[in-house]
$ cat final13.cif   # mmCIF, C-alpha atoms
data_structure
loop_
_atom_site.label_atom_id
_atom_site.label_comp_id
_atom_site.auth_asym_id
_atom_site.auth_seq_id
_atom_site.Cartn_x
_atom_site.Cartn_y
_atom_site.Cartn_z
CA MET A 1 57.85 120.33 152.97
CA ARG A 2 61.13 119.66 151.17
CA GLU A 3 62.75 116.38 150.26
CA ASN A 4 66.01 117.42 151.93
CA PHE A 5 64.13 117.46 155.25
CA LEU A 6 63.24 113.82 154.64
CA TYR A 7 66.92 113.11 153.93
CA PHE A 8 67.84 114.78 157.20
CA LEU A 9 65.27 112.82 159.21
CA TRP A 10 66.28 109.50 157.68
CA LYS A 11 70.05 110.04 157.74
CA HIS A 12 70.07 111.13 161.39
CA LYS A 13 67.17 108.92 162.49
CA LYS A 14 65.22 111.92 163.81
CA PHE A 15 61.95 110.05 164.10
CA ASN A 16 60.42 107.37 166.28
CA LEU A 17 62.20 104.15 165.31
CA PHE A 18 59.94 101.86 167.33
CA ASN A 19 56.92 100.04 165.98
CA LEU A 20 57.47 101.24 162.43
CA GLN A 21 55.01 99.92 159.87
CA THR A 22 54.75 100.18 156.12
CA THR A 23 51.51 101.25 154.47
CA GLN A 24 50.88 97.55 153.83
CA GLY A 25 50.92 96.90 157.60
CA GLU A 26 54.32 95.18 157.59
CA SER A 27 56.68 95.67 160.55
CA LEU A 28 59.84 97.60 159.70
CA LEU A 29 63.18 97.57 161.51
CA ILE A 30 66.02 99.80 160.27
CA LYS A 31 69.39 98.13 160.70
CA SER A 32 71.26 100.65 158.50
CA VAL A 33 69.96 103.77 156.76
CA GLY A 34 72.60 103.36 154.04
CA ALA A 35 74.88 105.93 152.42
CA HIS A 36 73.41 109.22 151.23
CA ASN A 37 73.75 109.50 147.46
CA GLN A 38 74.42 113.07 146.26
CA ASN A 39 74.32 112.12 142.58
CA SER A 40 71.66 110.69 140.29
CA GLY A 41 69.88 107.50 141.35
CA PRO A 42 68.18 106.44 144.60
CA ASP A 43 68.68 108.74 147.59
CA PHE A 44 70.34 106.17 149.88
CA PHE A 45 72.46 103.22 148.79
CA ASN A 46 73.00 99.92 150.58
CA ALA A 47 70.45 100.25 153.35
CA GLN A 48 69.64 97.21 155.49
CA LEU A 49 66.04 96.72 156.62
CA ARG A 50 64.05 93.94 158.22
CA ILE A 51 60.51 93.91 156.82
CA ASN A 52 58.40 91.41 158.72
CA ASP A 53 60.84 88.50 159.10
CA GLN A 54 62.78 89.13 155.89
CA LEU A 55 66.15 90.93 155.89
CA TRP A 56 66.57 93.20 152.85
CA ALA A 57 69.65 94.96 151.51
CA GLY A 58 69.22 97.60 148.82
CA ASN A 59 68.37 101.23 148.12
CA VAL A 60 65.91 103.71 149.60
CA GLU A 61 64.13 106.42 147.61
CA MET A 62 62.39 109.44 149.15
CA HIS A 63 59.66 111.77 147.98
CA VAL A 64 57.29 114.29 149.50
CA LYS A 65 54.40 112.38 147.89
CA SER A 66 54.30 108.76 146.73
CA SER A 67 53.06 109.87 143.31
CA ASP A 68 56.33 111.76 142.78
CA TRP A 69 57.77 108.36 141.88
CA TYR A 70 55.79 108.47 138.65
CA LEU A 71 56.22 112.23 138.24
CA HIS A 72 59.98 111.63 138.14
CA LYS A 73 59.51 108.59 135.84
CA HIS A 74 61.43 106.23 138.12
CA GLU A 75 59.30 103.34 136.86
CA ASN A 76 61.20 103.57 133.55
CA ASP A 77 64.68 103.85 135.11
CA SER A 78 66.59 100.62 135.85
CA ALA A 79 68.64 102.50 138.48
CA TYR A 80 65.58 102.22 140.75
CA ASP A 81 65.02 98.48 140.29
CA ASN A 82 66.77 97.73 143.57
CA VAL A 83 64.72 100.10 145.74
CA ILE A 84 63.58 98.16 148.81
CA LEU A 85 61.73 101.00 150.58
CA HIS A 86 59.91 104.13 149.47
CA VAL A 87 59.98 106.81 152.21
CA VAL A 88 57.40 109.58 151.79
CA TRP A 89 55.78 112.38 153.75
CA GLU A 90 52.35 111.81 152.24
CA HIS A 91 51.07 108.55 150.75
CA ASP A 92 48.73 109.18 147.84
CA THR A 93 49.31 106.14 145.62
CA GLU A 94 50.90 102.70 145.57
CA VAL A 95 54.21 102.28 143.73
CA TYR A 96 55.20 99.13 141.83
CA ARG A 97 58.38 97.66 140.43
CA LYS A 98 58.68 96.54 136.81
CA ASP A 99 57.63 93.02 137.83
CA ASN A 100 54.44 94.53 139.32
CA SER A 101 55.50 93.78 142.92
CA GLU A 102 54.57 96.60 145.30
CA ILE A 103 57.41 98.58 146.88
CA PRO A 104 56.98 98.87 150.67
CA THR A 105 56.26 102.46 151.72
CA LEU A 106 56.98 104.25 155.00
CA VAL A 107 54.97 107.42 155.74
CA LEU A 108 57.49 109.41 157.75
CA LYS A 109 55.17 112.13 159.07
CA ASP A 110 53.45 109.54 161.26
CA TYR A 111 56.66 109.08 163.27
CA VAL A 112 58.15 112.61 163.51
CA SER A 113 57.98 114.50 166.81
CA PRO A 114 55.79 117.64 166.75
CA ILE A 115 58.72 119.49 168.35
CA VAL A 116 61.10 118.60 165.51
CA LEU A 117 58.44 119.46 162.95
CA GLY A 118 57.70 122.77 164.67
CA ASN A 119 61.38 123.66 164.76
CA TYR A 120 61.66 122.84 161.07
CA HIS A 121 58.72 125.10 160.13
CA GLU A 122 60.09 127.89 162.30
CA LEU A 123 63.55 127.57 160.76
CA PHE A 124 62.18 127.80 157.22
CA SER A 125 59.37 130.26 157.88
CA LYS A 126 59.03 133.02 155.32
CA LYS A 127 59.56 135.77 157.91
CA LEU A 128 62.04 138.41 156.79
CA LYS A 129 65.22 137.36 158.57
CA TRP A 130 68.95 137.94 158.05
CA ILE A 131 69.56 134.25 158.64
CA ASN A 132 66.93 131.56 159.21
CA CYS A 133 68.09 130.72 162.73
CA GLU A 134 68.71 134.23 164.05
CA ASN A 135 66.20 133.78 166.90
CA ASP A 136 67.93 130.59 168.11
CA PHE A 137 71.52 131.42 167.20
CA PRO A 138 72.36 133.16 170.52
CA THR A 139 71.38 130.03 172.46
CA ILE A 140 73.48 127.55 170.48
CA ASP A 141 75.80 125.54 172.71
CA ASP A 142 79.34 126.98 172.64
CA PHE A 143 80.90 123.54 172.17
CA VAL A 144 78.70 122.82 169.13
CA LEU A 145 79.41 126.25 167.69
CA HIS A 146 83.18 126.10 168.22
CA ASN A 147 83.51 122.69 166.57
CA TRP A 148 81.32 123.73 163.66
CA LEU A 149 83.27 126.95 163.07
CA GLU A 150 86.52 125.01 163.04
CA HIS A 151 85.00 122.62 160.50
CA LEU A 152 83.77 125.55 158.40
CA TYR A 153 87.19 127.15 158.37
CA ILE A 154 88.85 123.95 157.11
CA GLU A 155 86.06 123.65 154.54
CA ARG A 156 86.79 127.21 153.38
CA LEU A 157 90.50 126.39 153.14
CA GLN A 158 89.73 123.32 151.06
CA GLY A 159 87.76 125.47 148.63
CA LYS A 160 90.68 127.89 148.33
CA ALA A 161 93.10 124.98 147.89
CA THR A 162 91.05 123.74 144.95
CA LEU A 163 91.34 127.19 143.31
CA ILE A 164 95.08 127.19 143.98
CA GLU A 165 95.42 123.78 142.34
CA GLY A 166 93.73 125.23 139.26
CA LEU A 167 96.29 128.05 139.16
CA LEU A 168 99.04 125.49 139.62
CA LYS A 169 98.00 123.58 136.51
CA GLY A 170 98.10 126.80 134.52
CA SER A 171 101.58 127.59 135.84
CA ASN A 172 103.29 124.30 134.98
CA ASN A 173 103.32 123.30 138.67
CA ASN A 174 105.37 126.37 139.62
CA TRP A 175 104.43 127.13 143.23
CA GLU A 176 106.46 130.36 143.27
CA ALA A 177 104.46 131.61 140.28
CA VAL A 178 101.16 130.69 141.91
CA LEU A 179 102.15 132.48 145.10
CA PHE A 180 102.97 135.59 143.07
CA LEU A 181 99.54 135.51 141.41
CA MET A 182 97.83 135.24 144.78
CA LEU A 183 99.97 137.90 146.42
CA ALA A 184 99.33 140.27 143.53
CA LYS A 185 95.58 139.75 143.80
CA ASN A 186 95.54 140.30 147.54
CA PHE A 187 97.88 143.30 147.42
CA GLY A 188 95.19 144.82 145.20
CA SER A 189 92.55 144.11 147.87
CA LYS A 190 88.88 144.29 146.94
CA ILE A 191 89.03 147.20 144.48
CA ASN A 192 92.18 146.32 142.54
CA GLY A 193 92.41 142.58 143.19
CA GLU A 194 91.34 141.53 139.70
CA PRO A 195 93.40 144.23 137.90
CA PHE A 196 96.48 143.22 139.91
CA LEU A 197 95.84 139.56 139.11
CA SER A 198 95.53 140.32 135.40
CA LEU A 199 98.80 142.27 135.66
CA ALA A 200 100.54 139.29 137.30
CA LYS A 201 99.26 137.00 134.56
CA SER A 202 100.44 139.32 131.78
CA PHE A 203 104.05 138.15 131.88
CA ASP A 204 105.85 134.92 132.68
CA PHE A 205 107.09 134.59 136.25
CA SER A 206 110.59 133.90 134.92
CA ILE A 207 110.75 137.55 133.83
CA LEU A 208 110.14 138.69 137.40
CA ARG A 209 112.99 136.46 138.55
CA LYS A 210 115.34 137.94 135.97
CA VAL A 211 114.68 141.56 136.97
CA SER A 212 114.10 141.11 140.73
CA SER A 213 117.70 142.09 141.61
CA ASN A 214 117.08 145.53 140.05
CA ALA A 215 114.50 147.40 142.15
CA LEU A 216 113.92 150.09 139.52
CA GLN A 217 113.32 147.56 136.74
CA LEU A 218 110.96 145.58 138.93
CA GLU A 219 108.85 148.66 139.64
CA ALA A 220 109.00 149.60 135.97
CA LEU A 221 107.70 146.14 135.07
CA PHE A 222 104.74 146.43 137.44
CA TYR A 223 103.85 150.05 136.68
CA GLY A 224 104.32 149.63 132.95
CA GLN A 225 102.12 146.53 132.74
CA ALA A 226 99.52 148.33 134.88
CA GLY A 227 99.44 151.25 132.42
CA LEU A 228 100.61 153.73 135.07
CA LEU A 229 103.54 155.12 133.07
CA ASN A 230 101.47 156.97 130.46
CA ASN A 231 101.62 160.37 132.17
CA ASP A 232 103.42 163.19 130.34
CA ILE A 233 104.36 165.09 133.50
CA GLU A 234 107.97 166.13 134.10
CA ASP A 235 109.07 163.86 136.92
CA SER A 236 112.58 162.41 137.01
CA TYR A 237 111.54 159.18 138.69
CA LEU A 238 108.69 158.63 136.25
CA LEU A 239 111.07 159.28 133.34
CA SER A 240 113.51 156.70 134.74
CA LEU A 241 110.73 154.13 135.03
CA LYS A 242 109.59 154.82 131.47
CA LYS A 243 113.12 154.30 130.17
CA GLU A 244 113.46 150.98 132.00
CA TYR A 245 110.04 149.81 130.88
CA ARG A 246 110.80 150.53 127.21
CA PHE A 247 113.90 148.39 127.59
CA LEU A 248 111.91 145.55 129.23
CA VAL A 249 109.22 145.67 126.56
CA GLN A 250 111.84 145.19 123.84
CA LYS A 251 113.81 142.54 125.73
CA PHE A 252 110.86 140.37 126.81
CA GLN A 253 108.26 141.29 124.18
CA LEU A 254 105.86 142.47 126.90
CA ASP A 255 102.20 143.08 126.17
CA ASN A 256 99.76 144.68 128.60
CA SER A 257 96.71 144.84 126.34
CA GLY A 258 94.86 142.31 128.49
CA VAL A 259 95.55 144.01 131.82
CA MET A 260 92.51 145.51 133.53
CA PRO A 261 92.84 149.21 134.46
CA VAL A 262 93.62 149.91 138.11
CA GLN A 263 91.37 152.14 140.19
CA PHE A 264 92.12 155.04 142.55
CA PHE A 265 88.52 156.08 143.18
CA ARG A 266 87.26 155.61 146.76
CA LEU A 267 90.63 154.36 147.98
CA ARG A 268 92.54 155.81 150.90
CA PRO A 269 95.97 157.02 149.70
CA PRO A 270 97.90 154.21 151.51
CA ASN A 271 95.90 151.76 149.37
CA PHE A 272 96.62 153.49 146.07
CA PRO A 273 97.83 151.00 143.42
CA THR A 274 101.03 153.03 143.07
CA ILE A 275 101.91 152.33 146.71
CA ARG A 276 100.83 148.69 146.76
CA LEU A 277 102.72 147.83 143.57
CA SER A 278 105.89 149.40 144.95
CA GLN A 279 105.51 147.39 148.17
CA LEU A 280 104.97 144.19 146.17
CA ALA A 281 108.07 144.98 144.11
CA SER A 282 110.02 145.59 147.30
CA LEU A 283 108.98 142.18 148.64
CA TYR A 284 110.32 140.39 145.56
CA HIS A 285 113.45 142.55 145.43
CA ILE A 286 114.33 141.66 149.05
CA HIS A 287 113.25 138.01 149.04
CA LEU A 288 114.22 135.95 146.01
CA ASN A 289 112.38 132.79 147.07
CA VAL A 290 109.26 134.01 148.84
CA PHE A 291 107.49 130.66 148.54
CA SER A 292 110.16 128.64 150.31
CA LYS A 293 110.32 131.26 153.06
CA ILE A 294 106.61 131.10 153.87
CA ILE A 295 106.56 127.29 153.69
CA ASP A 296 109.43 127.07 156.18
CA THR A 297 107.93 129.70 158.51
CA ILE A 298 105.49 128.83 161.27
CA GLN A 299 105.44 131.68 163.79
CA LYS A 300 103.28 134.73 163.17
CA GLU A 301 106.02 137.19 164.17
CA GLU A 302 108.37 135.64 161.63
CA PHE A 303 105.79 136.27 158.90
CA TYR A 304 105.60 139.89 159.99
CA GLU A 305 109.35 140.14 159.40
CA ILE A 306 109.10 138.64 155.91
CA PHE A 307 106.35 141.05 154.88
CA LYS A 308 107.79 144.07 156.64
CA VAL A 309 108.48 145.84 153.35
CA THR A 310 108.38 149.50 152.39
CA ALA A 311 107.62 151.26 149.14
CA SER A 312 110.68 152.81 147.43
CA ASN A 313 112.02 156.17 148.62
CA TYR A 314 110.17 158.18 145.98
CA TRP A 315 106.89 157.23 147.63
CA ASP A 316 107.98 158.71 150.97
CA THR A 317 106.76 162.04 149.59
CA HIS A 318 104.26 160.88 146.97
CA TYR A 319 101.07 158.85 146.58
CA ASN A 320 100.92 159.43 142.83
CA PHE A 321 103.42 160.47 140.20
CA GLY A 322 104.33 164.14 140.25
CA LYS A 323 102.20 165.07 143.29
CA VAL A 324 104.24 165.84 146.41
CA SER A 325 102.71 164.91 149.78
CA LYS A 326 103.71 164.98 153.43
CA SER A 327 106.72 162.74 154.08
CA SER A 328 105.97 159.27 155.49
CA LYS A 329 107.37 155.78 155.04
CA LYS A 330 104.89 153.53 153.21
CA THR A 331 105.49 150.28 155.12
CA LEU A 332 103.00 147.43 155.15
CA THR A 333 100.97 147.58 158.36
CA LYS A 334 100.39 144.54 160.57
CA SER A 335 96.67 144.66 159.78
CA PHE A 336 97.42 144.46 156.05
CA ILE A 337 99.93 141.65 156.61
CA ASP A 338 97.22 139.82 158.57
CA LEU A 339 95.02 139.95 155.47
CA ILE A 340 97.87 138.58 153.38
CA LEU A 341 98.35 135.75 155.89
CA VAL A 342 94.64 134.91 155.94
CA ASN A 343 93.96 135.16 152.22
CA THR A 344 97.27 134.05 150.67
CA VAL A 345 99.87 132.55 152.96
CA ILE A 346 97.74 130.12 154.97
CA PRO A 347 95.72 128.89 151.95
CA ILE A 348 98.85 128.23 149.93
CA LYS A 349 100.59 126.47 152.85
CA PHE A 350 97.48 124.32 153.26
CA ALA A 351 97.29 123.58 149.53
CA TYR A 352 101.00 122.75 149.30
CA ASN A 353 100.84 120.32 152.21
CA ARG A 354 97.72 118.74 150.71
CA PHE A 355 99.64 118.42 147.44
CA LEU A 356 102.38 116.57 149.34
CA GLY A 357 99.86 114.41 151.19
CA LYS A 358 100.68 116.02 154.55
CA ASN A 359 98.16 117.03 157.21
CA SER A 360 98.97 120.57 158.35
CA GLU A 361 95.67 121.38 160.05
CA GLU A 362 97.07 121.64 163.58
CA ASP A 363 99.76 124.21 162.69
CA ILE A 364 97.36 126.16 160.49
CA LEU A 365 94.62 126.28 163.12
CA LYS A 366 97.16 127.53 165.65
CA LEU A 367 98.38 130.29 163.30
CA ILE A 368 94.93 131.48 162.18
CA SER A 369 93.79 131.55 165.83
CA GLU A 370 96.57 134.03 166.63
CA ILE A 371 95.52 136.49 163.93
CA ALA A 372 93.08 139.28 164.75
CA PRO A 373 89.54 138.92 163.35
CA GLU A 374 88.50 140.76 160.23
CA LYS A 375 85.81 143.42 160.11
CA ASN A 376 82.97 143.51 157.61
CA SER A 377 79.19 143.73 157.51
CA ILE A 378 78.68 139.94 157.79
CA LEU A 379 80.76 139.73 160.95
CA GLU A 380 79.09 142.78 162.45
CA GLN A 381 75.68 141.14 162.00
CA PHE A 382 76.83 137.89 163.64
CA GLU A 383 78.32 139.90 166.49
CA LYS A 384 74.88 141.36 167.17
CA LEU A 385 73.55 137.82 167.60
CA LYS A 386 76.37 136.33 169.69
CA THR A 387 79.84 137.42 170.79
CA MET A 388 82.28 134.94 169.27
CA ASN A 389 84.48 136.66 166.65
CA GLU A 390 87.74 136.33 168.59
CA SER A 391 90.21 135.57 165.81
CA ALA A 392 90.55 135.25 162.05
CA LEU A 393 89.53 131.60 162.38
CA GLU A 394 86.07 132.62 163.58
CA SER A 395 85.73 135.47 161.09
CA GLN A 396 86.66 133.27 158.12
CA ALA A 397 84.36 130.50 159.37
CA LEU A 398 81.45 132.91 159.83
CA ILE A 399 81.89 134.19 156.28
CA GLN A 400 81.78 130.57 155.08
CA LEU A 401 78.68 129.95 157.20
CA LYS A 402 76.81 132.95 155.82
CA THR A 403 77.77 132.59 152.15
CA GLU A 404 77.69 128.80 151.78
CA TYR A 405 74.96 127.78 154.22
CA CYS A 406 72.73 130.64 155.44
CA ASN A 407 72.35 132.36 152.06
CA LYS A 408 71.63 129.00 150.40
CA HIS A 409 69.24 127.86 153.17
CA LYS A 410 71.34 124.74 153.77
CA CYS A 411 70.23 124.58 157.39
CA LEU A 412 69.79 120.82 157.27
CA GLU A 413 73.47 120.42 156.37
CA CYS A 414 74.57 122.80 159.13
CA ALA A 415 75.46 121.70 162.67
CA ILE A 416 73.63 124.74 164.02
CA GLY A 417 70.47 123.89 162.09
CA ASN A 418 70.77 120.28 163.23
CA SER A 419 71.11 121.40 166.85
CA ILE A 420 67.96 123.53 166.56
CA LEU A 421 65.93 120.76 164.91
CA LYS A 422 66.73 118.31 167.69
CA GLY A 423 64.58 120.41 170.00
#

$ encode --input "final13.cif" --output "structure tokens"
Amino acid sequence: MRENFLYFLWKHKKFNLFNLQTTQGESLLIKSVGAHNQNSGPDFFNAQLRINDQLWAGNVEMHVKSSDWYLHKHENDSAYDNVILHVVWEHDTEVYRKDNSEIPTLVLKDYVSPIVLGNYHELFSKKLKWINCENDFPTIDDFVLHNWLEHLYIERLQGKATLIEGLLKGSNNNWEAVLFLMLAKNFGSKINGEPFLSLAKSFDFSILRKVSSNALQLEALFYGQAGLLNNDIEDSYLLSLKKEYRFLVQKFQLDNSGVMPVQFFRLRPPNFPTIRLSQLASLYHIHLNVFSKIIDTIQKEEFYEIFKVTASNYWDTHYNFGKVSKSSKKTLTKSFIDLILVNTVIPIKFAYNRFLGKNSEEDILKLISEIAPEKNSILEQFEKLKTMNESALESQALIQLKTEYCNKHKCLECAIGNSILKG
């Protein structure tokens, strides 16, 4: 038995509320369970209870056993002086206030339905399961599931917005600079995300603005900072980039000593850092104010036009410097743009509107619902349990569900877990 189960039962009144009695034989009527306290101090603030004929207003503390009150040394903490009810699963000792008056105690297990208790034990059984509720997950009501997934997606966005706000503080409130950092990270994808981010942080965004009109200098800036211009091969394009980078180093006092090395290993050629950096350079060469464009854009197809960029001509016949390959235009695919929309564009639009005090949830939910779902091992496992991954909204929400709830066994804080426990 865990205390958070007691919180759940009390907060949602998942027990028989009639004919309640304290261990002292006093009648108990719950007028208000109070507000759940997530910080230090009593578990519920400002509850309202009628004990016998006396109306009480104060705090409620919960423990698995009554004796835990003394184990946690609450008798020495003035924060617990205003506790009007001690809610426990097992009563093994009386508990007293500093003035030696006994605190009324409610033994919750005497009023909990065997069905709810059985569901709880099943949910938290130690059987080897991918998620605790995998046996019940396929039967969850679609309405409950849809609403919860929508909530989870907004929750995930709020977490990303908090990270963006941290980047904003470090960028002197420059939203264009923050967008560049996020785009760089996501152009690098999983393998090169952190190296690309370290590259983007290695120079001031104002430098990018100054060189963005010159496509060759912009590529030289990216490749040079990434350490990709150190080859000694005879290649005219590489030599041109080296020349431009030497000029930029002198002009802007560039330093790439803190940039993480990029990786080619286990990447498909279209995802090589050489290609992605050229595409990122092309985006900023074509669009001077990328941030304002994405803020003003709403329709998915319009985003596809903004990000419809191609690596420079050299890369039509190359994936790496000096190595000729079959000719093909290296244009960002719609599937890659979808990832940029999901992981960069939508979070930063959400964060910016939150910064301005605007509610943009409706537009964002519409856009994310139009984007194809992602594919990964988490989503494949959920798909085996129940068909529901219809858009990027569901896929992002399911990732949030697995990482922030299932993996942490936070079933009692989950709408799905709550639905199962109701029986």

$ closest_residue --input "final13.cif" --among "A:Ile115, A:Val107, A:Ile378, A:Leu216" --to "A:Asn407" --atoms "only C-alpha atoms"
A:Ile378

$ atom_distance --input "final13.cif" --atom1 "atom CA of A:Gln21" --atom2 "atom CA of A:Cys411"
29.1 Å

$ resolve_selection --input "final13.cif" --expression "the PyMOL selection byres ((chain A and resi 417-419) around 10)" --output "NGL selection string"
:A and (8 or 12 or 119-120 or 123 or 132-133 or 136-137 or 140-141 or 144-145 or 405-406 or 409-416 or 420-423)

$ write_last_selection --input "final13.cif" --atoms "C-alpha atoms" --output "PDB file, in the coordinates of the input"
ATOM      1  CA  PHE A   8      67.840 114.780 157.200  1.00  0.00           C
ATOM      2  CA  HIS A  12      70.070 111.130 161.390  1.00  0.00           C
ATOM      3  CA  ASN A 119      61.380 123.660 164.760  1.00  0.00           C
ATOM      4  CA  TYR A 120      61.660 122.840 161.070  1.00  0.00           C
ATOM      5  CA  LEU A 123      63.550 127.570 160.760  1.00  0.00           C
ATOM      6  CA  ASN A 132      66.930 131.560 159.210  1.00  0.00           C
ATOM      7  CA  CYS A 133      68.090 130.720 162.730  1.00  0.00           C
ATOM      8  CA  ASP A 136      67.930 130.590 168.110  1.00  0.00           C
ATOM      9  CA  PHE A 137      71.520 131.420 167.200  1.00  0.00           C
ATOM     10  CA  ILE A 140      73.480 127.550 170.480  1.00  0.00           C
ATOM     11  CA  ASP A 141      75.800 125.540 172.710  1.00  0.00           C
ATOM     12  CA  VAL A 144      78.700 122.820 169.130  1.00  0.00           C
ATOM     13  CA  LEU A 145      79.410 126.250 167.690  1.00  0.00           C
ATOM     14  CA  TYR A 405      74.960 127.780 154.220  1.00  0.00           C
ATOM     15  CA  CYS A 406      72.730 130.640 155.440  1.00  0.00           C
ATOM     16  CA  HIS A 409      69.240 127.860 153.170  1.00  0.00           C
ATOM     17  CA  LYS A 410      71.340 124.740 153.770  1.00  0.00           C
ATOM     18  CA  CYS A 411      70.230 124.580 157.390  1.00  0.00           C
ATOM     19  CA  LEU A 412      69.790 120.820 157.270  1.00  0.00           C
ATOM     20  CA  GLU A 413      73.470 120.420 156.370  1.00  0.00           C
ATOM     21  CA  CYS A 414      74.570 122.800 159.130  1.00  0.00           C
ATOM     22  CA  ALA A 415      75.460 121.700 162.670  1.00  0.00           C
ATOM     23  CA  ILE A 416      73.630 124.740 164.020  1.00  0.00           C
ATOM     24  CA  ILE A 420      67.960 123.530 166.560  1.00  0.00           C
ATOM     25  CA  LEU A 421      65.930 120.760 164.910  1.00  0.00           C
ATOM     26  CA  LYS A 422      66.730 118.310 167.690  1.00  0.00           C
ATOM     27  CA  GLY A 423      64.580 120.410 170.000  1.00  0.00           C
TER      28      GLY A 423
END

$ atom_distance --input "final13.cif" --atom1 "atom CA of A:Glu302" --atom2 "atom CA of A:Val290"
12.9 Å

$ resolve_selection --input "final13.cif" --expression "the PyMOL selection byres ((chain A and resi 220) around 7)" --output "NGL selection string"
:A and (216-219 or 221-224 or 241-242 or 244-245)

$ closest_residue --input "final13.cif" --among "A:Val88, A:Trp148, A:Phe5, A:Thr105" --to "A:Gly25" --atoms "only C-alpha atoms"
A:Thr105

$ closest_residue --input "final13.cif" --among "A:Ser67, A:Ser189, A:Ser282, A:Asn39" --to "A:Gln263" --atoms "all atoms listed in the file"
A:Ser189

$ atom_distance --input "final13.cif" --atom1 "atom CA of A:Phe247" --atom2 "atom CA of A:Val211"
11.6 Å

$ resolve_selection --input "final13.cif" --expression "the PyMOL selection byres ((chain A and resi 196-199) around 7)" --output "list of chain:residue names"
A:Leu181, A:Ala184, A:Lys185, A:Gly188, A:Asn192, A:Gly193, A:Glu194, A:Pro195, A:Ala200, A:Lys201, A:Ser202, A:Gln225, A:Ala226, A:Val259, A:Met260

$ write_last_selection --input "final13.cif" --atoms "C-alpha atoms" --output "compact mmCIF listing (two decimals), in the coordinates of the input"
# COMPACT_ATOMS: atom_id res chain seq x y z
CA LEU A 181 99.54 135.51 141.41
CA ALA A 184 99.33 140.27 143.53
CA LYS A 185 95.58 139.75 143.80
CA GLY A 188 95.19 144.82 145.20
CA ASN A 192 92.18 146.32 142.54
CA GLY A 193 92.41 142.58 143.19
CA GLU A 194 91.34 141.53 139.70
CA PRO A 195 93.40 144.23 137.90
CA ALA A 200 100.54 139.29 137.30
CA LYS A 201 99.26 137.00 134.56
CA SER A 202 100.44 139.32 131.78
CA GLN A 225 102.12 146.53 132.74
CA ALA A 226 99.52 148.33 134.88
CA VAL A 259 95.55 144.01 131.82
CA MET A 260 92.51 145.51 133.53

$ residues_near_point --input "final13.cif" --point "(55.4, 95.0, 142.9)" --cutoff "12 Å" --atoms "only C-alpha atoms" --output "PyMOL selection string"
chain A and resi 75+81-85+94-105

$ closest_residue --input "final13.cif" --among "A:Asn256, A:Thr22, A:Gln250, A:Thr274" --to "A:Gly322" --atoms "only C-alpha atoms"
A:Thr274

$ closest_residue --input "final13.cif" --among "A:Lys349, A:Lys366, A:Ile207, A:Glu176" --to "A:His287" --atoms "all atoms listed in the file"
A:Glu176

$ closest_residue --input "final13.cif" --among "A:Lys65, A:Lys329, A:Lys109, A:Arg354" --to "A:Lys14" --atoms "all atoms listed in the file"
A:Lys109

$ residues_around --input "final13.cif" --residues "A:Ser360" --least-positions-apart "6" --cutoff "12 Å" --atoms "only C-alpha atoms" --output "MDAnalysis selection string"
chainID A and resid 154 157 295 298 346:354 366:367

$ build_atoms --input "final13.cif" --residues "stretch 12-19 of chain A" --atoms "N, CA, C and O atoms" --output "mmCIF file, keeping the file's coordinate frame"
data_model
loop_
_atom_site.group_PDB
_atom_site.id
_atom_site.type_symbol
_atom_site.label_atom_id
_atom_site.label_comp_id
_atom_site.auth_asym_id
_atom_site.auth_seq_id
_atom_site.Cartn_x
_atom_site.Cartn_y
_atom_site.Cartn_z
ATOM 1 N N HIS A 12 69.739 110.960 159.975
ATOM 2 C CA HIS A 12 70.070 111.130 161.390
ATOM 3 C C HIS A 12 69.085 110.426 162.326
ATOM 4 O O HIS A 12 69.164 110.597 163.543
ATOM 5 N N LYS A 13 68.166 109.682 161.728
ATOM 6 C CA LYS A 13 67.170 108.920 162.490
ATOM 7 C C LYS A 13 66.402 109.826 163.472
ATOM 8 O O LYS A 13 66.228 109.487 164.651
ATOM 9 N N LYS A 14 65.950 110.965 162.980
ATOM 10 C CA LYS A 14 65.220 111.920 163.810
ATOM 11 C C LYS A 14 63.718 111.655 163.772
ATOM 12 O O LYS A 14 62.911 112.540 163.503
ATOM 13 N N PHE A 15 63.365 110.422 164.030
ATOM 14 C CA PHE A 15 61.950 110.050 164.100
ATOM 15 C C PHE A 15 61.844 108.828 165.002
ATOM 16 O O PHE A 15 62.854 108.204 165.365
ATOM 17 N N ASN A 16 60.649 108.500 165.384
ATOM 18 C CA ASN A 16 60.420 107.370 166.280
ATOM 19 C C ASN A 16 60.733 106.062 165.549
ATOM 20 O O ASN A 16 60.060 105.705 164.587
ATOM 21 N N LEU A 17 61.741 105.351 166.004
ATOM 22 C CA LEU A 17 62.200 104.150 165.310
ATOM 23 C C LEU A 17 61.480 102.881 165.776
ATOM 24 O O LEU A 17 61.714 101.802 165.223
ATOM 25 N N PHE A 18 60.617 103.040 166.782
ATOM 26 C CA PHE A 18 59.940 101.860 167.330
ATOM 27 C C PHE A 18 58.567 101.661 166.700
ATOM 28 O O PHE A 18 57.853 102.610 166.389
ATOM 29 N N ASN A 19 58.233 100.415 166.500
ATOM 30 C CA ASN A 19 56.920 100.040 165.980
ATOM 31 C C ASN A 19 56.626 100.655 164.606
ATOM 32 O O ASN A 19 55.490 101.056 164.316
#
